[in-house]
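Since the structure comes first, as structure tokens, the remarks are kept for the end.
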Amino acid sequence: MTRLLWCLLALFAVSGWASAQAIDPLPFKSRVEEVRFQHLTKQLRCMVCQNESLADSNAELARDLRHAVFALMQVGKSDAQIKHYLTERYSDFVLYDPPFRRGTLLLWLGPILLLLLTAAALIATDRGRIPSRTQARQEEPW
Amino acid sequence: MMRTLPLPGFALLTALFGFGIRWNSHHDPHEVPSPLIDKPAPAFVLPRLDHPGQSLDKTSMLGRPYLVNVFASWCIACGEEHPVLMTAGRKLGIPLIGYNYKDDPSEAKAWLARHGNPYDQVITDRSGRTAIDFGVYGAPESFLVDAGGVIRYKHIGPFTAELIATELAPAIAALRREAP
């Protein structure tokens, strides 16, 4: 039983490593660079299969874009510059987190607005209830 | 207050839900508006399919509007679009530039020989590097570039005769009015 458990554990460990490596290995200079690359490509959307990130996708275009991101990293571009490079060509849609600007105001603040509205509605209905509750207490027969 | 709130609340949610369904049935979520519209087309220098030694570049195309049509022999939707380009596409009155995207040149040639060649020139981008500058993410895609080298219109997906009549032809006519 313990042997089976160890086998499973080993398998899990290897599969995690494989999913990070297998898609296409790039010649990273250091572990730090690789971690930065993985972190960055996880924030970018694959345009072909829109529910996958650049890091996860097997699509041909995703591979090309990974190589483009890697090449930009090699010439010393910052994460922000690389994101700018991609949004210039593929619009904000490539970012999983859309930027905060006038057009996305409702998207970002909508949930908070909805929460506030609900809270306001709840308070309003509760206010209406308090007198009736005190009334009920007064009416309670001893 | 307590009694009146649920009904309008429910109506609002239903309306939002209905709007969502309507919106999604009229808009393809795969169609991402290009940030390149009304911006200069990216500079390109790409080899010609028929004469790989010669290349076509953006500056040599300046001075007249043209349509860049991204296609590939492996692209099924391009096959659907092809007959439309053979008929309506040829009547547009502007050069059609075939942009052979991530394709094997010999297969592209065979494909054009089999289905006919509607293009005035065909350029090849085997690696897809320049296509990234154009924001290409799936063939077929078409870009209308004006005489000043600015992208004025983009269509993602196959053209139909109807789309050419309602969208592309008016866009070309508008360019003609600008520069007589």
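Note on naming: chains are A, B, ... as they come in the structure tokens, residues start from 1 per chain, ligands start from 1 in the order shown.
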
### Message
Among range 22-72 of chain B, which ones does DSSP assign to helix (DSSP H, G or I) (computed from the backbone)? Answer as a ChimeraX atom specification.
### Response
/B:22-26,58-61

### Task
Can you check which residues of range 11-168 of chain B DSSP gives as strand (DSSP E or B) on the backbone and send them as a ChimeraX atom specification?
/B:40,45-48,55-57,66-71,96-101,121-125,141-145,150-156

Contact residues (chain A, partner chain B, 6 Å, only C-alpha atoms) as a PDB file with N, CA, C and O atoms, in the first residue's frame:
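File produced: iface_30.pdb:
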```pdb
ATOM      1  N   ARG A  89      -0.720  44.313 -30.905  1.00  0.00           N
ATOM      2  CA  ARG A  89      -1.064  43.472 -32.053  1.00  0.00           C
ATOM      3  C   ARG A  89      -2.377  42.728 -31.875  1.00  0.00           C
ATOM      4  O   ARG A  89      -3.129  42.548 -32.824  1.00  0.00           O
ATOM      5  N   TYR A  90      -2.628  42.280 -30.645  1.00  0.00           N
ATOM      6  CA  TYR A  90      -3.790  41.405 -30.433  1.00  0.00           C
ATOM      7  C   TYR A  90      -4.833  42.015 -29.497  1.00  0.00           C
ATOM      8  O   TYR A  90      -5.718  41.305 -29.041  1.00  0.00           O
ATOM      9  N   SER A  91      -4.713  43.298 -29.182  1.00  0.00           N
ATOM     10  CA  SER A  91      -5.640  44.022 -28.301  1.00  0.00           C
ATOM     11  C   SER A  91      -5.577  43.511 -26.850  1.00  0.00           C
ATOM     12  O   SER A  91      -4.925  42.525 -26.563  1.00  0.00           O
ATOM     13  N   THR A 125     -35.003  47.497   3.596  1.00  0.00           N
ATOM     14  CA  THR A 125     -36.079  46.576   3.987  1.00  0.00           C
ATOM     15  C   THR A 125     -36.026  46.296   5.469  1.00  0.00           C
ATOM     16  O   THR A 125     -37.044  46.144   6.121  1.00  0.00           O
TER      17      THR A 125
END
```

### Task
Excluding His84 in chain A and residues on its chain fewer than 3 positions from it, collect all residues at most 12 Å away from it, counting only C-alpha atoms, and give them as a list in words.
Leu44, Val69, Leu72, Lys77, Ser78, Asp79, Ala80, Gln81, Thr87, Glu88, Arg89, Tyr90, Ser91, Asp92, Phe93, Val94, Leu95 and Pro99 of chain A; Pro35 of chain B

Go ahead and write the selection's residues with all heavy atoms as a short mmCIF file (atom, residue, chain, number, x, y, z; two decimals), in the first residue's frame.
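Dumped everything to selection-v8.cif:
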```cif
data_model
loop_
_atom_site.label_atom_id
_atom_site.label_comp_id
_atom_site.auth_asym_id
_atom_site.auth_seq_id
_atom_site.Cartn_x
_atom_site.Cartn_y
_atom_site.Cartn_z
N LEU A 44 -1.17 35.44 -20.11
CA LEU A 44 -1.50 35.79 -21.49
C LEU A 44 -2.40 34.73 -22.10
O LEU A 44 -2.21 33.54 -21.90
CB LEU A 44 -0.22 35.95 -22.31
CG LEU A 44 0.73 37.03 -21.79
CD1 LEU A 44 2.09 36.89 -22.45
CD2 LEU A 44 0.16 38.40 -22.03
N VAL A 69 7.82 35.89 -27.03
CA VAL A 69 7.99 36.38 -25.66
C VAL A 69 9.40 36.06 -25.17
O VAL A 69 10.09 36.91 -24.60
CB VAL A 69 6.93 35.75 -24.72
CG1 VAL A 69 7.27 36.01 -23.26
CG2 VAL A 69 5.54 36.28 -25.03
N LEU A 72 11.89 38.36 -26.79
CA LEU A 72 11.84 39.70 -26.21
C LEU A 72 12.52 39.73 -24.84
O LEU A 72 13.18 40.70 -24.48
CB LEU A 72 10.39 40.17 -26.09
CG LEU A 72 9.70 40.53 -27.41
CD1 LEU A 72 8.21 40.76 -27.20
CD2 LEU A 72 10.34 41.78 -28.03
N LYS A 77 13.68 43.04 -22.57
CA LYS A 77 12.40 43.76 -22.39
C LYS A 77 11.76 43.39 -21.06
O LYS A 77 11.85 42.23 -20.61
CB LYS A 77 11.44 43.41 -23.52
CG LYS A 77 11.95 43.77 -24.91
CD LYS A 77 11.67 45.21 -25.26
CE LYS A 77 12.03 45.50 -26.70
NZ LYS A 77 12.68 46.80 -26.88
N SER A 78 11.09 44.35 -20.45
CA SER A 78 10.40 44.10 -19.18
C SER A 78 9.06 43.42 -19.46
O SER A 78 8.58 43.41 -20.59
CB SER A 78 10.18 45.41 -18.45
OG SER A 78 9.18 46.16 -19.12
N ASP A 79 8.46 42.87 -18.41
CA ASP A 79 7.15 42.23 -18.55
C ASP A 79 6.13 43.19 -19.14
O ASP A 79 5.33 42.82 -20.00
CB ASP A 79 6.66 41.72 -17.19
CG ASP A 79 7.43 40.49 -16.74
OD1 ASP A 79 8.43 40.15 -17.40
OD2 ASP A 79 7.03 39.88 -15.73
N ALA A 80 6.16 44.45 -18.66
CA ALA A 80 5.21 45.45 -19.14
C ALA A 80 5.42 45.71 -20.64
O ALA A 80 4.45 45.84 -21.39
CB ALA A 80 5.36 46.74 -18.35
N GLN A 81 6.68 45.77 -21.05
CA GLN A 81 6.98 46.01 -22.47
C GLN A 81 6.51 44.85 -23.33
O GLN A 81 6.00 45.04 -24.44
CB GLN A 81 8.48 46.23 -22.65
CG GLN A 81 8.94 47.63 -22.26
CD GLN A 81 10.45 47.75 -22.25
OE1 GLN A 81 11.15 46.86 -21.79
NE2 GLN A 81 10.95 48.86 -22.76
N THR A 87 -0.37 43.48 -26.77
CA THR A 87 -1.66 44.16 -26.86
C THR A 87 -1.71 45.08 -28.08
O THR A 87 -2.77 45.30 -28.65
CB THR A 87 -1.97 45.00 -25.60
OG1 THR A 87 -0.83 45.79 -25.30
CG2 THR A 87 -2.32 44.14 -24.43
N GLU A 88 -0.54 45.59 -28.50
CA GLU A 88 -0.48 46.41 -29.71
C GLU A 88 -0.97 45.61 -30.92
O GLU A 88 -1.52 46.17 -31.86
CB GLU A 88 0.99 46.78 -29.97
CG GLU A 88 1.31 48.23 -29.76
CD GLU A 88 2.74 48.54 -30.19
OE1 GLU A 88 3.57 47.62 -30.26
OE2 GLU A 88 2.99 49.71 -30.44
N ARG A 89 -0.72 44.31 -30.90
CA ARG A 89 -1.06 43.47 -32.05
C ARG A 89 -2.38 42.73 -31.88
O ARG A 89 -3.13 42.55 -32.82
CB ARG A 89 0.06 42.46 -32.29
CG ARG A 89 1.30 43.11 -32.85
CD ARG A 89 2.55 42.29 -32.58
NE ARG A 89 3.72 42.91 -33.18
CZ ARG A 89 4.34 43.96 -32.68
NH1 ARG A 89 3.92 44.52 -31.56
NH2 ARG A 89 5.39 44.48 -33.29
N TYR A 90 -2.63 42.28 -30.65
CA TYR A 90 -3.79 41.41 -30.43
C TYR A 90 -4.83 42.02 -29.50
O TYR A 90 -5.72 41.30 -29.04
CB TYR A 90 -3.33 40.06 -29.89
CG TYR A 90 -2.57 39.25 -30.91
CD1 TYR A 90 -1.19 39.21 -30.93
CD2 TYR A 90 -3.25 38.54 -31.89
CE1 TYR A 90 -0.49 38.49 -31.88
CE2 TYR A 90 -2.58 37.81 -32.85
CZ TYR A 90 -1.20 37.79 -32.84
OH TYR A 90 -0.52 37.07 -33.78
N SER A 91 -4.71 43.30 -29.18
CA SER A 91 -5.64 44.02 -28.30
C SER A 91 -5.58 43.51 -26.85
O SER A 91 -4.92 42.52 -26.56
CB SER A 91 -7.08 43.97 -28.82
OG SER A 91 -7.69 42.74 -28.51
N ASP A 92 -6.28 44.21 -25.97
CA ASP A 92 -6.27 43.86 -24.55
C ASP A 92 -6.74 42.43 -24.30
O ASP A 92 -6.57 41.90 -23.21
CB ASP A 92 -7.20 44.80 -23.77
CG ASP A 92 -6.62 46.20 -23.70
OD1 ASP A 92 -5.41 46.34 -23.91
OD2 ASP A 92 -7.38 47.14 -23.43
N PHE A 93 -7.35 41.86 -25.32
CA PHE A 93 -7.91 40.52 -25.18
C PHE A 93 -6.86 39.47 -24.83
O PHE A 93 -7.18 38.44 -24.24
CB PHE A 93 -8.62 40.14 -26.49
CG PHE A 93 -9.60 39.05 -26.33
CD1 PHE A 93 -10.81 39.28 -25.73
CD2 PHE A 93 -9.31 37.77 -26.78
CE1 PHE A 93 -11.73 38.26 -25.57
CE2 PHE A 93 -10.22 36.74 -26.62
CZ PHE A 93 -11.43 36.99 -26.02
N VAL A 94 -5.59 39.74 -25.17
CA VAL A 94 -4.55 38.76 -24.83
C VAL A 94 -4.26 38.73 -23.34
O VAL A 94 -3.64 37.79 -22.86
CB VAL A 94 -3.20 38.98 -25.55
CG1 VAL A 94 -3.29 38.65 -27.00
CG2 VAL A 94 -2.69 40.37 -25.34
N LEU A 95 -4.68 39.77 -22.62
CA LEU A 95 -4.43 39.80 -21.19
C LEU A 95 -5.61 39.16 -20.46
O LEU A 95 -6.75 39.48 -20.74
CB LEU A 95 -4.26 41.24 -20.70
CG LEU A 95 -3.21 42.09 -21.41
CD1 LEU A 95 -3.28 43.52 -20.92
CD2 LEU A 95 -1.83 41.52 -21.18
N PRO A 99 -6.94 45.81 -18.43
CA PRO A 99 -6.46 47.00 -17.73
C PRO A 99 -7.61 47.87 -17.23
O PRO A 99 -8.71 47.83 -17.77
CB PRO A 99 -5.66 47.73 -18.80
CG PRO A 99 -6.23 47.28 -20.08
CD PRO A 99 -6.71 45.89 -19.87
N PRO B 35 -6.62 45.96 -32.88
CA PRO B 35 -6.15 47.28 -32.46
C PRO B 35 -5.41 47.99 -33.59
O PRO B 35 -5.01 49.13 -33.44
CB PRO B 35 -5.20 46.97 -31.30
CG PRO B 35 -4.75 45.58 -31.54
CD PRO B 35 -5.83 44.88 -32.30
#
```

### Task
Identify, on the basis of only C-alpha atoms, every residue whose closest approach to Pro158 in chain B does not exceed 8 Å; exclude the query and any residue fewer than 6 positions from it along the same chain; express the result as number ranges by chain.
B: 77-78, 80-81, 140-141

### Message
Which residues are near Val70 in chain B? Cut-off 8 Å, only C-alpha atoms, ignore same chain within fewer than 2 positions. Put them as a PyMOL selection string.
### Response
chain B and resi 68+72+98-101+139-142

### Query
To one decimal place, how far is CA of Phe100 in chain A from CA of Ala59 in chain A in Å?
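Separation between CA of Phe100 in chain A and CA of Ala59 in chain A: 28.9 Å.
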
### Message
Which residues are close to His51 in chain B, i.e. within 12 Å by only C-alpha atoms, leaving aside same-chain residues fewer than 6 positions away? Reply as a ChimeraX atom specification.
### Response
/B:105,109,121-124

Since we have the selection now, will you write its residues out, keeping C-alpha atoms, as an mmCIF file, in the first residue's frame?
```
data_model
loop_
_atom_site.group_PDB
_atom_site.id
_atom_site.type_symbol
_atom_site.label_atom_id
_atom_site.label_comp_id
_atom_site.auth_asym_id
_atom_site.auth_seq_id
_atom_site.Cartn_x
_atom_site.Cartn_y
_atom_site.Cartn_z
ATOM 1 C CA PRO B 105 5.389 26.649 -50.611
ATOM 2 C CA LYS B 109 1.366 26.288 -55.228
ATOM 3 C CA GLN B 121 0.748 38.621 -55.965
ATOM 4 C CA VAL B 122 1.320 35.930 -53.383
ATOM 5 C CA ILE B 123 3.813 36.418 -50.585
ATOM 6 C CA THR B 124 4.921 33.727 -48.158
#
```

Write out as a short mmCIF file (atom, residue, chain, number, x, y, z; two decimals) with all heavy atoms, in the first residue's frame which residues come within 10 Å of range 37-39 of chain B when counting only C-alpha atoms, dropping same-chain ones fewer than 5 positions away.
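around04.cif, written as the output of this step:
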```cif
data_model
loop_
_atom_site.label_atom_id
_atom_site.label_comp_id
_atom_site.auth_asym_id
_atom_site.auth_seq_id
_atom_site.Cartn_x
_atom_site.Cartn_y
_atom_site.Cartn_z
N PHE B 143 -7.07 42.16 -44.64
CA PHE B 143 -6.79 43.54 -44.25
C PHE B 143 -6.91 44.43 -45.47
O PHE B 143 -6.30 44.15 -46.50
CB PHE B 143 -5.35 43.67 -43.72
CG PHE B 143 -5.07 42.82 -42.50
CD1 PHE B 143 -4.72 41.49 -42.63
CD2 PHE B 143 -5.15 43.37 -41.23
CE1 PHE B 143 -4.45 40.71 -41.51
CE2 PHE B 143 -4.87 42.61 -40.11
CZ PHE B 143 -4.53 41.28 -40.25
N LEU B 144 -7.67 45.50 -45.34
CA LEU B 144 -7.73 46.50 -46.40
C LEU B 144 -6.76 47.62 -46.02
O LEU B 144 -6.93 48.27 -44.99
CB LEU B 144 -9.16 47.03 -46.55
CG LEU B 144 -9.36 48.15 -47.57
CD1 LEU B 144 -9.05 47.67 -48.98
CD2 LEU B 144 -10.78 48.69 -47.52
N VAL B 145 -5.75 47.81 -46.88
CA VAL B 145 -4.73 48.83 -46.61
C VAL B 145 -4.94 49.96 -47.61
O VAL B 145 -5.14 49.71 -48.80
CB VAL B 145 -3.31 48.23 -46.76
CG1 VAL B 145 -2.25 49.26 -46.41
CG2 VAL B 145 -3.16 47.00 -45.90
N ASP B 146 -4.92 51.21 -47.13
CA ASP B 146 -5.16 52.34 -48.04
C ASP B 146 -3.85 52.79 -48.71
O ASP B 146 -2.77 52.24 -48.44
CB ASP B 146 -5.89 53.49 -47.32
CG ASP B 146 -5.01 54.23 -46.32
OD1 ASP B 146 -3.80 53.97 -46.28
OD2 ASP B 146 -5.55 55.07 -45.57
N GLY B 149 -0.81 53.35 -46.74
CA GLY B 149 -0.25 52.24 -45.98
C GLY B 149 -0.91 52.03 -44.63
O GLY B 149 -0.34 51.38 -43.76
N VAL B 150 -2.13 52.58 -44.46
CA VAL B 150 -2.83 52.44 -43.18
C VAL B 150 -3.91 51.36 -43.30
O VAL B 150 -4.62 51.30 -44.30
CB VAL B 150 -3.47 53.78 -42.77
CG1 VAL B 150 -4.33 53.63 -41.52
CG2 VAL B 150 -2.39 54.83 -42.54
N ILE B 151 -4.00 50.50 -42.29
CA ILE B 151 -5.03 49.46 -42.28
C ILE B 151 -6.38 50.12 -41.99
O ILE B 151 -6.54 50.79 -40.97
CB ILE B 151 -4.74 48.37 -41.23
CG1 ILE B 151 -3.46 47.62 -41.63
CG2 ILE B 151 -5.90 47.41 -41.09
CD1 ILE B 151 -3.02 46.58 -40.62
N ARG B 152 -7.35 49.94 -42.88
CA ARG B 152 -8.62 50.63 -42.71
C ARG B 152 -9.75 49.70 -42.33
O ARG B 152 -10.79 50.11 -41.81
CB ARG B 152 -8.96 51.38 -44.00
CG ARG B 152 -7.93 52.42 -44.37
CD ARG B 152 -7.83 53.50 -43.31
NE ARG B 152 -9.01 54.32 -43.30
CZ ARG B 152 -9.18 55.40 -44.07
NH1 ARG B 152 -8.19 55.79 -44.85
NH2 ARG B 152 -10.28 56.08 -44.04
N TYR B 153 -9.57 48.43 -42.62
CA TYR B 153 -10.64 47.49 -42.36
C TYR B 153 -10.03 46.11 -42.22
O TYR B 153 -9.05 45.79 -42.90
CB TYR B 153 -11.64 47.53 -43.52
CG TYR B 153 -12.65 46.40 -43.57
CD1 TYR B 153 -13.79 46.44 -42.76
CD2 TYR B 153 -12.46 45.30 -44.41
CE1 TYR B 153 -14.70 45.40 -42.80
CE2 TYR B 153 -13.38 44.28 -44.46
CZ TYR B 153 -14.49 44.32 -43.65
OH TYR B 153 -15.40 43.29 -43.69
N LYS B 154 -10.61 45.33 -41.30
CA LYS B 154 -10.13 43.95 -41.17
C LYS B 154 -11.31 43.02 -41.06
O LYS B 154 -12.30 43.34 -40.40
CB LYS B 154 -9.26 43.82 -39.91
CG LYS B 154 -8.73 42.41 -39.72
CD LYS B 154 -8.00 42.23 -38.41
CE LYS B 154 -7.50 40.79 -38.32
NZ LYS B 154 -6.86 40.49 -37.05
#
```
